[in-house]
>>> print(open('query.cif').read())   # mmCIF, N, CA and C atoms
data_query
#
loop_
_atom_site.label_atom_id
_atom_site.label_comp_id
_atom_site.auth_asym_id
_atom_site.auth_seq_id
_atom_site.Cartn_x
_atom_site.Cartn_y
_atom_site.Cartn_z
N MET A 277 1.22 -10.47 33.16
CA MET A 277 1.08 -9.18 32.52
C MET A 277 0.17 -9.31 31.29
N ALA A 278 -0.65 -8.33 31.03
CA ALA A 278 -1.59 -8.35 29.92
C ALA A 278 -1.01 -7.61 28.71
N PRO A 279 -1.51 -7.94 27.50
CA PRO A 279 -1.08 -7.16 26.32
C PRO A 279 -1.32 -5.67 26.56
N LYS A 280 -0.49 -4.85 25.96
CA LYS A 280 -0.53 -3.41 26.22
C LYS A 280 -0.98 -2.65 24.96
N ALA A 281 -2.02 -1.81 25.11
CA ALA A 281 -2.48 -0.95 24.02
C ALA A 281 -1.58 0.27 23.95
N MET A 282 -1.17 0.62 22.73
CA MET A 282 -0.27 1.75 22.54
C MET A 282 -0.77 2.59 21.37
N THR A 283 -0.53 3.89 21.45
CA THR A 283 -0.89 4.81 20.37
C THR A 283 0.38 5.47 19.86
N TYR A 284 0.51 5.52 18.54
CA TYR A 284 1.68 6.12 17.90
C TYR A 284 1.24 7.24 16.96
N LYS A 285 2.06 8.25 16.87
CA LYS A 285 1.85 9.38 15.96
C LYS A 285 2.58 9.12 14.64
N PRO A 286 2.15 9.80 13.56
CA PRO A 286 2.84 9.64 12.27
C PRO A 286 4.34 9.90 12.40
N ASN A 287 5.10 9.13 11.64
CA ASN A 287 6.57 9.19 11.58
C ASN A 287 7.26 8.59 12.80
N SER A 288 6.49 8.07 13.76
CA SER A 288 7.10 7.35 14.88
C SER A 288 7.68 6.04 14.35
N VAL A 289 8.70 5.56 15.02
CA VAL A 289 9.28 4.26 14.68
C VAL A 289 9.02 3.33 15.85
N ILE A 290 8.36 2.21 15.57
CA ILE A 290 8.04 1.25 16.62
C ILE A 290 9.28 0.43 16.96
N TYR A 291 10.01 0.02 15.93
CA TYR A 291 11.30 -0.64 16.15
C TYR A 291 12.16 -0.46 14.91
N PHE A 292 13.47 -0.62 15.12
CA PHE A 292 14.46 -0.47 14.06
C PHE A 292 15.05 -1.82 13.69
N LYS A 293 15.51 -1.91 12.45
CA LYS A 293 16.26 -3.08 12.01
C LYS A 293 17.44 -3.28 12.96
N GLY A 294 17.63 -4.51 13.42
CA GLY A 294 18.73 -4.81 14.33
C GLY A 294 18.32 -4.85 15.79
N ASP A 295 17.16 -4.25 16.11
CA ASP A 295 16.67 -4.31 17.50
C ASP A 295 16.38 -5.76 17.88
N VAL A 296 16.61 -6.09 19.14
CA VAL A 296 16.27 -7.40 19.66
C VAL A 296 15.17 -7.19 20.69
N SER A 297 14.05 -7.89 20.51
CA SER A 297 12.91 -7.71 21.41
C SER A 297 12.02 -8.94 21.36
N ASP A 298 11.30 -9.18 22.45
CA ASP A 298 10.34 -10.28 22.47
C ASP A 298 8.92 -9.76 22.24
N LYS A 299 8.78 -8.57 21.68
CA LYS A 299 7.46 -7.96 21.48
C LYS A 299 6.89 -8.30 20.11
N ILE A 300 5.60 -8.61 20.11
CA ILE A 300 4.82 -8.89 18.90
C ILE A 300 3.68 -7.88 18.89
N TYR A 301 3.36 -7.37 17.71
CA TYR A 301 2.38 -6.30 17.60
C TYR A 301 1.22 -6.70 16.70
N ILE A 302 0.05 -6.14 16.99
CA ILE A 302 -1.09 -6.24 16.09
C ILE A 302 -1.61 -4.82 15.86
N LEU A 303 -1.85 -4.50 14.60
CA LEU A 303 -2.35 -3.18 14.25
C LEU A 303 -3.86 -3.14 14.40
N LYS A 304 -4.33 -2.28 15.28
CA LYS A 304 -5.78 -2.12 15.50
C LYS A 304 -6.36 -1.05 14.58
N SER A 305 -5.62 0.04 14.35
CA SER A 305 -6.07 1.08 13.42
C SER A 305 -4.86 1.88 12.97
N GLY A 306 -4.99 2.51 11.81
CA GLY A 306 -3.90 3.31 11.28
C GLY A 306 -3.15 2.57 10.19
N ARG A 307 -1.97 3.11 9.84
CA ARG A 307 -1.13 2.51 8.80
C ARG A 307 0.30 2.43 9.29
N ILE A 308 0.89 1.27 9.04
CA ILE A 308 2.29 1.04 9.41
C ILE A 308 3.00 0.45 8.21
N ASN A 309 4.23 0.86 8.03
CA ASN A 309 5.05 0.45 6.92
C ASN A 309 6.27 -0.30 7.47
N LEU A 310 6.53 -1.49 6.95
CA LEU A 310 7.75 -2.22 7.30
C LEU A 310 8.74 -2.00 6.17
N GLN A 311 9.91 -1.46 6.50
CA GLN A 311 10.94 -1.16 5.51
C GLN A 311 12.09 -2.15 5.68
N SER A 312 12.39 -2.87 4.59
CA SER A 312 13.50 -3.81 4.62
C SER A 312 14.28 -3.67 3.32
N GLU A 313 15.26 -4.53 3.13
CA GLU A 313 16.12 -4.46 1.95
C GLU A 313 15.93 -5.72 1.12
N ASP A 314 15.73 -5.56 -0.18
CA ASP A 314 15.58 -6.69 -1.10
C ASP A 314 16.92 -7.42 -1.20
N ILE A 315 16.90 -8.75 -1.04
CA ILE A 315 18.16 -9.50 -1.06
C ILE A 315 18.78 -9.55 -2.45
N GLU A 316 17.97 -9.37 -3.49
CA GLU A 316 18.50 -9.39 -4.86
C GLU A 316 19.13 -8.06 -5.25
N THR A 317 18.41 -6.98 -5.01
CA THR A 317 18.81 -5.68 -5.54
C THR A 317 19.41 -4.75 -4.51
N GLY A 318 19.16 -5.03 -3.23
CA GLY A 318 19.60 -4.12 -2.19
C GLY A 318 18.71 -2.89 -2.06
N GLN A 319 17.66 -2.83 -2.87
CA GLN A 319 16.74 -1.69 -2.81
C GLN A 319 15.77 -1.84 -1.66
N GLU A 320 15.24 -0.69 -1.23
CA GLU A 320 14.29 -0.69 -0.12
C GLU A 320 12.97 -1.33 -0.56
N VAL A 321 12.45 -2.17 0.32
CA VAL A 321 11.15 -2.81 0.11
C VAL A 321 10.22 -2.32 1.20
N ARG A 322 9.00 -1.98 0.81
CA ARG A 322 8.01 -1.51 1.78
C ARG A 322 6.84 -2.48 1.79
N ASP A 323 6.53 -2.98 2.97
CA ASP A 323 5.34 -3.82 3.17
C ASP A 323 4.41 -3.05 4.09
N TYR A 324 3.18 -2.93 3.69
CA TYR A 324 2.21 -2.18 4.48
C TYR A 324 1.37 -3.14 5.31
N ILE A 325 1.31 -2.87 6.60
CA ILE A 325 0.54 -3.69 7.53
C ILE A 325 -0.92 -3.24 7.47
N GLN A 326 -1.81 -4.22 7.35
CA GLN A 326 -3.24 -3.95 7.32
C GLN A 326 -3.81 -4.07 8.73
N THR A 327 -4.93 -3.40 8.96
CA THR A 327 -5.61 -3.49 10.25
C THR A 327 -5.88 -4.97 10.57
N GLY A 328 -5.54 -5.37 11.78
CA GLY A 328 -5.75 -6.76 12.21
C GLY A 328 -4.56 -7.66 11.98
N GLU A 329 -3.53 -7.18 11.29
CA GLU A 329 -2.36 -8.01 11.02
C GLU A 329 -1.32 -7.88 12.12
N PHE A 330 -0.58 -8.98 12.31
CA PHE A 330 0.53 -9.01 13.25
C PHE A 330 1.81 -8.61 12.54
N PHE A 331 2.74 -8.05 13.29
CA PHE A 331 4.08 -7.81 12.77
C PHE A 331 5.07 -7.95 13.92
N GLY A 332 6.33 -8.24 13.54
CA GLY A 332 7.36 -8.48 14.55
C GLY A 332 7.37 -9.91 15.07
N VAL A 333 6.58 -10.77 14.45
CA VAL A 333 6.39 -12.14 14.96
C VAL A 333 7.64 -12.99 14.80
N LYS A 334 8.19 -13.04 13.58
CA LYS A 334 9.31 -13.95 13.32
C LYS A 334 10.51 -13.66 14.21
N SER A 335 10.88 -12.40 14.31
CA SER A 335 12.05 -12.04 15.12
C SER A 335 11.82 -12.32 16.59
N ALA A 336 10.61 -12.00 17.07
CA ALA A 336 10.32 -12.22 18.50
C ALA A 336 10.30 -13.71 18.83
N LEU A 337 9.61 -14.50 18.02
CA LEU A 337 9.54 -15.94 18.29
C LEU A 337 10.88 -16.62 18.07
N GLY A 338 11.64 -16.15 17.06
CA GLY A 338 12.93 -16.74 16.75
C GLY A 338 14.07 -16.22 17.60
N LYS A 339 13.80 -15.17 18.37
CA LYS A 339 14.80 -14.57 19.25
C LYS A 339 16.03 -14.08 18.48
N TYR A 340 15.77 -13.41 17.34
CA TYR A 340 16.87 -12.81 16.60
C TYR A 340 16.52 -11.37 16.25
N PRO A 341 17.50 -10.58 15.82
CA PRO A 341 17.26 -9.15 15.58
C PRO A 341 16.20 -8.89 14.50
N ARG A 342 15.54 -7.77 14.64
CA ARG A 342 14.53 -7.36 13.65
C ARG A 342 15.20 -7.21 12.29
N GLU A 343 14.46 -7.58 11.25
CA GLU A 343 14.98 -7.51 9.89
C GLU A 343 14.50 -6.27 9.14
N GLU A 344 13.69 -5.44 9.81
CA GLU A 344 13.10 -4.29 9.15
C GLU A 344 12.84 -3.19 10.16
N ASN A 345 12.58 -2.00 9.65
CA ASN A 345 12.09 -0.89 10.47
C ASN A 345 10.57 -0.91 10.41
N ALA A 346 9.91 -0.63 11.52
CA ALA A 346 8.45 -0.50 11.55
C ALA A 346 8.13 0.96 11.79
N GLN A 347 7.67 1.65 10.74
CA GLN A 347 7.40 3.08 10.82
C GLN A 347 5.90 3.35 10.71
N VAL A 348 5.43 4.27 11.54
CA VAL A 348 4.02 4.64 11.57
C VAL A 348 3.78 5.72 10.51
N LEU A 349 2.75 5.50 9.67
CA LEU A 349 2.43 6.45 8.61
C LEU A 349 1.31 7.41 9.00
N THR A 350 0.34 6.91 9.76
CA THR A 350 -0.77 7.73 10.24
C THR A 350 -0.96 7.42 11.72
N ASP A 351 -1.77 8.20 12.41
CA ASP A 351 -2.07 7.85 13.80
C ASP A 351 -2.41 6.37 13.84
N ALA A 352 -1.82 5.65 14.78
CA ALA A 352 -2.01 4.20 14.82
C ALA A 352 -2.20 3.71 16.25
N ASP A 353 -3.13 2.78 16.40
CA ASP A 353 -3.33 2.07 17.66
C ASP A 353 -2.84 0.65 17.46
N VAL A 354 -2.00 0.22 18.38
CA VAL A 354 -1.33 -1.07 18.29
C VAL A 354 -1.47 -1.78 19.63
N VAL A 355 -1.61 -3.10 19.57
CA VAL A 355 -1.56 -3.91 20.79
C VAL A 355 -0.23 -4.64 20.79
N CYS A 356 0.48 -4.56 21.90
CA CYS A 356 1.81 -5.14 22.04
C CYS A 356 1.74 -6.35 22.97
N PHE A 357 2.25 -7.49 22.50
CA PHE A 357 2.25 -8.73 23.27
C PHE A 357 3.68 -9.15 23.57
N SER A 358 3.92 -9.73 24.73
CA SER A 358 5.17 -10.46 24.96
C SER A 358 4.98 -11.82 24.30
N VAL A 359 6.05 -12.56 24.10
CA VAL A 359 5.93 -13.89 23.49
C VAL A 359 5.00 -14.79 24.30
N PRO A 360 5.13 -14.89 25.63
CA PRO A 360 4.20 -15.75 26.38
C PRO A 360 2.74 -15.30 26.24
N GLU A 361 2.49 -13.99 26.23
CA GLU A 361 1.12 -13.50 26.05
C GLU A 361 0.59 -13.88 24.67
N PHE A 362 1.44 -13.73 23.66
CA PHE A 362 1.05 -14.07 22.30
C PHE A 362 0.76 -15.56 22.18
N GLU A 363 1.63 -16.39 22.75
CA GLU A 363 1.43 -17.84 22.69
C GLU A 363 0.12 -18.24 23.36
N GLN A 364 -0.18 -17.63 24.49
CA GLN A 364 -1.43 -17.93 25.19
C GLN A 364 -2.63 -17.52 24.34
N MET A 365 -2.58 -16.34 23.76
CA MET A 365 -3.68 -15.86 22.92
C MET A 365 -3.85 -16.75 21.69
N ALA A 366 -2.76 -17.13 21.06
CA ALA A 366 -2.82 -17.97 19.86
C ALA A 366 -3.36 -19.36 20.19
N ALA A 367 -3.02 -19.88 21.35
CA ALA A 367 -3.52 -21.20 21.76
C ALA A 367 -5.04 -21.19 21.94
N GLN A 368 -5.57 -20.04 22.28
CA GLN A 368 -7.01 -19.92 22.50
C GLN A 368 -7.77 -19.50 21.25
N ASN A 369 -7.06 -19.15 20.18
CA ASN A 369 -7.70 -18.64 18.98
C ASN A 369 -6.97 -19.18 17.75
N THR A 370 -7.43 -20.31 17.22
CA THR A 370 -6.74 -20.95 16.10
C THR A 370 -6.80 -20.11 14.82
N ARG A 371 -7.74 -19.17 14.72
CA ARG A 371 -7.78 -18.30 13.54
C ARG A 371 -6.50 -17.48 13.43
N VAL A 372 -5.94 -17.12 14.57
CA VAL A 372 -4.68 -16.37 14.57
C VAL A 372 -3.59 -17.20 13.92
N ILE A 373 -3.51 -18.45 14.29
CA ILE A 373 -2.50 -19.35 13.72
C ILE A 373 -2.70 -19.50 12.22
N MET A 374 -3.93 -19.68 11.79
CA MET A 374 -4.21 -19.84 10.36
C MET A 374 -3.82 -18.58 9.58
N LYS A 375 -4.12 -17.43 10.12
CA LYS A 375 -3.76 -16.17 9.46
C LYS A 375 -2.23 -16.05 9.35
N MET A 376 -1.54 -16.39 10.44
CA MET A 376 -0.08 -16.33 10.42
C MET A 376 0.50 -17.30 9.40
N LEU A 377 -0.07 -18.50 9.30
CA LEU A 377 0.41 -19.47 8.33
C LEU A 377 0.27 -18.94 6.91
N LYS A 378 -0.83 -18.27 6.62
CA LYS A 378 -1.02 -17.68 5.29
C LYS A 378 0.02 -16.61 5.01
N VAL A 379 0.25 -15.75 5.98
CA VAL A 379 1.24 -14.68 5.81
C VAL A 379 2.63 -15.28 5.61
N PHE A 380 3.01 -16.23 6.46
CA PHE A 380 4.33 -16.85 6.36
C PHE A 380 4.48 -17.60 5.04
N SER A 381 3.41 -18.25 4.59
CA SER A 381 3.45 -18.96 3.32
C SER A 381 3.74 -18.00 2.17
N ASN A 382 3.07 -16.86 2.16
CA ASN A 382 3.31 -15.86 1.12
C ASN A 382 4.74 -15.33 1.19
N GLN A 383 5.24 -15.11 2.39
CA GLN A 383 6.60 -14.62 2.55
C GLN A 383 7.61 -15.66 2.07
N LEU A 384 7.38 -16.92 2.40
CA LEU A 384 8.29 -17.98 1.94
C LEU A 384 8.27 -18.10 0.43
N ARG A 385 7.10 -17.97 -0.17
CA ARG A 385 6.99 -18.03 -1.62
C ARG A 385 7.80 -16.90 -2.26
N ARG A 386 7.69 -15.69 -1.70
CA ARG A 386 8.44 -14.55 -2.23
C ARG A 386 9.95 -14.76 -2.07
N ILE A 387 10.37 -15.26 -0.91
CA ILE A 387 11.79 -15.51 -0.67
C ILE A 387 12.31 -16.60 -1.60
N HIS A 388 11.52 -17.65 -1.79
CA HIS A 388 11.92 -18.74 -2.69
C HIS A 388 12.14 -18.19 -4.10
N LYS A 389 11.24 -17.34 -4.55
CA LYS A 389 11.37 -16.74 -5.88
C LYS A 389 12.64 -15.90 -5.97
N GLN A 390 12.93 -15.11 -4.93
CA GLN A 390 14.14 -14.29 -4.93
C GLN A 390 15.39 -15.15 -4.98
N VAL A 391 15.42 -16.22 -4.20
CA VAL A 391 16.59 -17.11 -4.18
C VAL A 391 16.74 -17.79 -5.54
N SER A 392 15.64 -18.24 -6.13
CA SER A 392 15.69 -18.86 -7.46
C SER A 392 16.24 -17.88 -8.49
N ASN A 393 15.79 -16.64 -8.44
CA ASN A 393 16.28 -15.62 -9.37
C ASN A 393 17.78 -15.38 -9.18
N LEU A 394 18.23 -15.32 -7.93
CA LEU A 394 19.66 -15.14 -7.66
C LEU A 394 20.49 -16.31 -8.20
N LEU A 395 20.00 -17.52 -7.99
CA LEU A 395 20.71 -18.70 -8.48
C LEU A 395 20.76 -18.71 -10.01
N GLU A 396 19.67 -18.31 -10.63
CA GLU A 396 19.63 -18.24 -12.08
C GLU A 396 20.62 -17.21 -12.61
N LYS A 397 20.68 -16.05 -11.97
CA LYS A 397 21.64 -15.01 -12.37
C LYS A 397 23.07 -15.50 -12.19
N GLU A 398 23.32 -16.20 -11.08
CA GLU A 398 24.66 -16.74 -10.83
C GLU A 398 25.05 -17.73 -11.93
N GLU A 399 24.12 -18.58 -12.31
CA GLU A 399 24.38 -19.58 -13.35
C GLU A 399 24.67 -18.89 -14.69
N GLN A 400 23.92 -17.84 -14.99
CA GLN A 400 24.15 -17.09 -16.23
C GLN A 400 25.53 -16.43 -16.21
N LEU A 401 25.93 -15.89 -15.07
CA LEU A 401 27.26 -15.29 -14.95
C LEU A 401 28.36 -16.32 -15.16
N LYS A 402 28.18 -17.49 -14.55
CA LYS A 402 29.18 -18.56 -14.72
C LYS A 402 29.32 -18.94 -16.18
N LYS A 403 28.19 -19.07 -16.87
CA LYS A 403 28.22 -19.45 -18.29
C LYS A 403 28.89 -18.37 -19.12
N SER A 404 28.63 -17.10 -18.80
CA SER A 404 29.25 -16.02 -19.58
C SER A 404 30.76 -15.97 -19.33
N PHE A 405 31.21 -16.24 -18.10
CA PHE A 405 32.65 -16.26 -17.82
C PHE A 405 33.32 -17.44 -18.50
N VAL A 406 32.67 -18.58 -18.51
CA VAL A 406 33.23 -19.76 -19.18
C VAL A 406 33.32 -19.49 -20.68
N GLY A 407 32.28 -18.88 -21.23
CA GLY A 407 32.27 -18.54 -22.65
C GLY A 407 33.36 -17.55 -23.01
N GLU A 408 33.60 -16.55 -22.16
CA GLU A 408 34.65 -15.57 -22.40
C GLU A 408 36.03 -16.22 -22.31
N GLY A 409 36.18 -17.17 -21.41
CA GLY A 409 37.46 -17.85 -21.24
C GLY A 409 37.81 -18.67 -22.46
N ARG A 410 36.84 -19.26 -23.12
CA ARG A 410 37.09 -20.06 -24.32
C ARG A 410 37.40 -19.18 -25.52
N ALA A 411 36.80 -17.98 -25.53
CA ALA A 411 37.01 -17.08 -26.66
C ALA A 411 38.41 -16.46 -26.63
N ALA A 412 39.02 -16.41 -25.47
CA ALA A 412 40.32 -15.75 -25.32
C ALA A 412 41.45 -16.56 -25.79
#
>>> encode(input="query.cif", output="structure tokens")
Amino acid sequence: MAPKAMTYKPNSVIYFKGDVSDKIYILKSGRINLQSEDIETGQEVRDYIQTGEFFGVKSALGKYPREENAQVLTDADVVCFSVPEFEQMAAQNTRVIMKMLKVFSNQLRRIHKQVSNLLEKEEQLKKSFVGEGRAA
């Protein structure tokens, strides 16, 4: 089976948080917003997909539920790959792998910063509780 070209209208949802799928997408034109939840604050985080970028990769390759909603903001053309189709395409085009590594590196850096901030806040809370216990 070959990758499938798809067209979406504004406000369409390509996938929802919690969906399980082996589909990987590349944005050919238009605007797509990935909506997830910040692990520190619980607030909504919006990541905007640029033309030529992949999305849905981690969940599809890892075989776990989607971590975000993918919502279409403007008319959008998307190419949809199954995991085997994506793997075949990536094996033939190392630029795809390099681009993915850059994206994943940035995501890991952001997650590392969030985890560090959470640990720092936890340590501050522990110190404040210990301090209050001594004052009592």
>>> closest_residue(input="query.cif", among="A:Glu329, A:Glu361, A:Arg385, A:Glu316", to="A:Glu398", atoms="only C-alpha atoms")
A:Glu316
>>> resolve_selection(input="query.cif", expression="the PyMOL selection byres ((chain A and resi 332) around 8)", output="list in words")
Ser297, Asp298, Lys299, Ile300, Tyr301, Ile302, Glu329, Phe330, Phe331, Val333, Lys334, Ser335, Ala336, Leu337, Gly338, Arg342 and Glu343 of chain A
>>> residues_around(input="query.cif", residues="A:Val348", least_positions_apart="4", cutoff="7 Å", atoms="only C-alpha atoms", output="MDAnalysis selection string")
chainID A and resid 284:289 307:309 352
>>> residues_around(input="query.cif", residues="A:Val354", least_positions_apart="2", cutoff="6 Å", atoms="all atoms listed in the file", output="mmCIF file with N, CA and C atoms, in the coordinates of the input")
data_model
loop_
_atom_site.group_PDB
_atom_site.id
_atom_site.type_symbol
_atom_site.label_atom_id
_atom_site.label_comp_id
_atom_site.auth_asym_id
_atom_site.auth_seq_id
_atom_site.Cartn_x
_atom_site.Cartn_y
_atom_site.Cartn_z
ATOM 1 N N LYS A 280 -0.490 -4.850 25.960
ATOM 2 C CA LYS A 280 -0.530 -3.410 26.220
ATOM 3 C C LYS A 280 -0.980 -2.650 24.960
ATOM 4 N N ALA A 281 -2.020 -1.810 25.110
ATOM 5 C CA ALA A 281 -2.480 -0.950 24.020
ATOM 6 C C ALA A 281 -1.580 0.270 23.950
ATOM 7 N N MET A 282 -1.170 0.620 22.730
ATOM 8 C CA MET A 282 -0.270 1.750 22.540
ATOM 9 C C MET A 282 -0.770 2.590 21.370
ATOM 10 N N THR A 283 -0.530 3.890 21.450
ATOM 11 C CA THR A 283 -0.890 4.810 20.370
ATOM 12 C C THR A 283 0.380 5.470 19.860
ATOM 13 N N TYR A 284 0.510 5.520 18.540
ATOM 14 C CA TYR A 284 1.680 6.120 17.900
ATOM 15 C C TYR A 284 1.240 7.240 16.960
ATOM 16 N N ILE A 302 0.050 -6.140 16.990
ATOM 17 C CA ILE A 302 -1.090 -6.240 16.090
ATOM 18 C C ILE A 302 -1.610 -4.820 15.860
ATOM 19 N N LEU A 303 -1.850 -4.500 14.600
ATOM 20 C CA LEU A 303 -2.350 -3.180 14.250
ATOM 21 C C LEU A 303 -3.860 -3.140 14.400
ATOM 22 N N LYS A 304 -4.330 -2.280 15.280
ATOM 23 C CA LYS A 304 -5.780 -2.120 15.500
ATOM 24 C C LYS A 304 -6.360 -1.050 14.580
ATOM 25 N N SER A 305 -5.620 0.040 14.350
ATOM 26 C CA SER A 305 -6.070 1.080 13.420
ATOM 27 C C SER A 305 -4.860 1.880 12.970
ATOM 28 N N ALA A 352 -1.820 5.650 14.780
ATOM 29 C CA ALA A 352 -2.010 4.200 14.820
ATOM 30 C C ALA A 352 -2.200 3.710 16.250
ATOM 31 N N CYS A 356 0.480 -4.560 21.900
ATOM 32 C CA CYS A 356 1.810 -5.140 22.040
ATOM 33 C C CYS A 356 1.740 -6.350 22.970
#
>>> atom_distance(input="query.cif", atom1="atom CA of A:Ser404", atom2="atom CA of A:Glu313")
27.7 Å
>>> select_by_dssp(input="query.cif", residues="stretch 337-368 of chain A", states="strand (DSSP E or B)", output="list in words")
Asn345, Ala346, Gln347, Val348, Ala352, Asp353, Val354, Val355, Cys356, Phe357 and Ser358 of chain A
>>> atom_distance(input="query.cif", atom1="atom CA of A:Leu377", atom2="atom CA of A:Glu396")
28.1 Å
>>> select_by_dssp(input="query.cif", residues="chain A", states="helix (DSSP H, G or I)", output="PyMOL selection string")
chain A and resi 333-338+359-368+370-411
>>> resolve_selection(input="query.cif", expression="the PyMOL selection byres ((chain A and resi 323) around 7)", output="JSON, numbers by chain")
{"A": [308, 309, 310, 311, 312, 321, 322, 324, 325]}
>>> closest_residue(input="query.cif", among="A:Glu399, A:Arg386, A:Glu320, A:Gly306", to="A:Asp353", atoms="all atoms listed in the file")
A:Gly306
>>> decode(input="query.cif", residues="stretch 374-397 of chain A", atoms="N, CA and C atoms", output="mmCIF file, in the first residue's frame")
data_model
loop_
_atom_site.group_PDB
_atom_site.id
_atom_site.type_symbol
_atom_site.label_atom_id
_atom_site.label_comp_id
_atom_site.auth_asym_id
_atom_site.auth_seq_id
_atom_site.Cartn_x
_atom_site.Cartn_y
_atom_site.Cartn_z
ATOM 1 N N MET A 374 17.459 12.755 9.895
ATOM 2 C CA MET A 374 18.150 13.881 10.516
ATOM 3 C C MET A 374 17.153 14.930 11.019
ATOM 4 N N LYS A 375 16.140 15.208 10.246
ATOM 5 C CA LYS A 375 15.125 16.180 10.662
ATOM 6 C C LYS A 375 14.393 15.681 11.910
ATOM 7 N N MET A 376 14.047 14.393 11.917
ATOM 8 C CA MET A 376 13.371 13.817 13.078
ATOM 9 C C MET A 376 14.262 13.884 14.311
ATOM 10 N N LEU A 377 15.554 13.603 14.151
ATOM 11 C CA LEU A 377 16.472 13.665 15.285
ATOM 12 C C LEU A 377 16.519 15.072 15.874
ATOM 13 N N LYS A 378 16.512 16.081 15.025
ATOM 14 C CA LYS A 378 16.512 17.463 15.516
ATOM 15 C C LYS A 378 15.237 17.762 16.291
ATOM 16 N N VAL A 379 14.109 17.353 15.751
ATOM 17 C CA VAL A 379 12.829 17.592 16.429
ATOM 18 C C VAL A 379 12.799 16.860 17.764
ATOM 19 N N PHE A 380 13.179 15.586 17.774
ATOM 20 C CA PHE A 380 13.163 14.807 19.011
ATOM 21 C C PHE A 380 14.147 15.376 20.030
ATOM 22 N N SER A 381 15.294 15.853 19.567
ATOM 23 C CA SER A 381 16.273 16.455 20.461
ATOM 24 C C SER A 381 15.689 17.683 21.150
ATOM 25 N N ASN A 382 15.017 18.529 20.395
ATOM 26 C CA ASN A 382 14.381 19.713 20.983
ATOM 27 C C ASN A 382 13.293 19.320 21.974
ATOM 28 N N GLN A 383 12.520 18.301 21.644
ATOM 29 C CA GLN A 383 11.466 17.846 22.546
ATOM 30 C C GLN A 383 12.062 17.280 23.833
ATOM 31 N N LEU A 384 13.125 16.502 23.711
ATOM 32 C CA LEU A 384 13.777 15.945 24.904
ATOM 33 C C LEU A 384 14.352 17.051 25.781
ATOM 34 N N ARG A 385 14.935 18.063 25.160
ATOM 35 C CA ARG A 385 15.480 19.188 25.907
ATOM 36 C C ARG A 385 14.368 19.885 26.699
ATOM 37 N N ARG A 386 13.215 20.101 26.050
ATOM 38 C CA ARG A 386 12.089 20.752 26.720
ATOM 39 C C ARG A 386 11.566 19.885 27.871
ATOM 40 N N ILE A 387 11.452 18.581 27.652
ATOM 41 C CA ILE A 387 10.977 17.671 28.697
ATOM 42 C C ILE A 387 11.963 17.627 29.858
ATOM 43 N N HIS A 388 13.254 17.590 29.549
ATOM 44 C CA HIS A 388 14.277 17.576 30.596
ATOM 45 C C HIS A 388 14.161 18.828 31.460
ATOM 46 N N LYS A 389 13.961 19.968 30.827
ATOM 47 C CA LYS A 389 13.808 21.221 31.570
ATOM 48 C C LYS A 389 12.574 21.169 32.464
ATOM 49 N N GLN A 390 11.461 20.639 31.955
ATOM 50 C CA GLN A 390 10.241 20.538 32.753
ATOM 51 C C GLN A 390 10.445 19.621 33.951
ATOM 52 N N VAL A 391 11.097 18.484 33.742
ATOM 53 C CA VAL A 391 11.349 17.546 34.840
ATOM 54 C C VAL A 391 12.274 18.186 35.872
ATOM 55 N N SER A 392 13.315 18.875 35.416
ATOM 56 C CA SER A 392 14.226 19.561 36.339
ATOM 57 C C SER A 392 13.478 20.597 37.169
ATOM 58 N N ASN A 393 12.601 21.359 36.527
ATOM 59 C CA ASN A 393 11.809 22.360 37.250
ATOM 60 C C ASN A 393 10.905 21.706 38.288
ATOM 61 N N LEU A 394 10.276 20.586 37.927
ATOM 62 C CA LEU A 394 9.422 19.873 38.882
ATOM 63 C C LEU A 394 10.219 19.359 40.075
ATOM 64 N N LEU A 395 11.393 18.811 39.810
ATOM 65 C CA LEU A 395 12.236 18.307 40.896
ATOM 66 C C LEU A 395 12.698 19.441 41.804
ATOM 67 N N GLU A 396 13.015 20.572 41.206
ATOM 68 C CA GLU A 396 13.430 21.733 41.986
ATOM 69 C C GLU A 396 12.285 22.221 42.875
ATOM 70 N N LYS A 397 11.079 22.280 42.325
ATOM 71 C CA LYS A 397 9.913 22.691 43.114
ATOM 72 C C LYS A 397 9.650 21.711 44.252
#
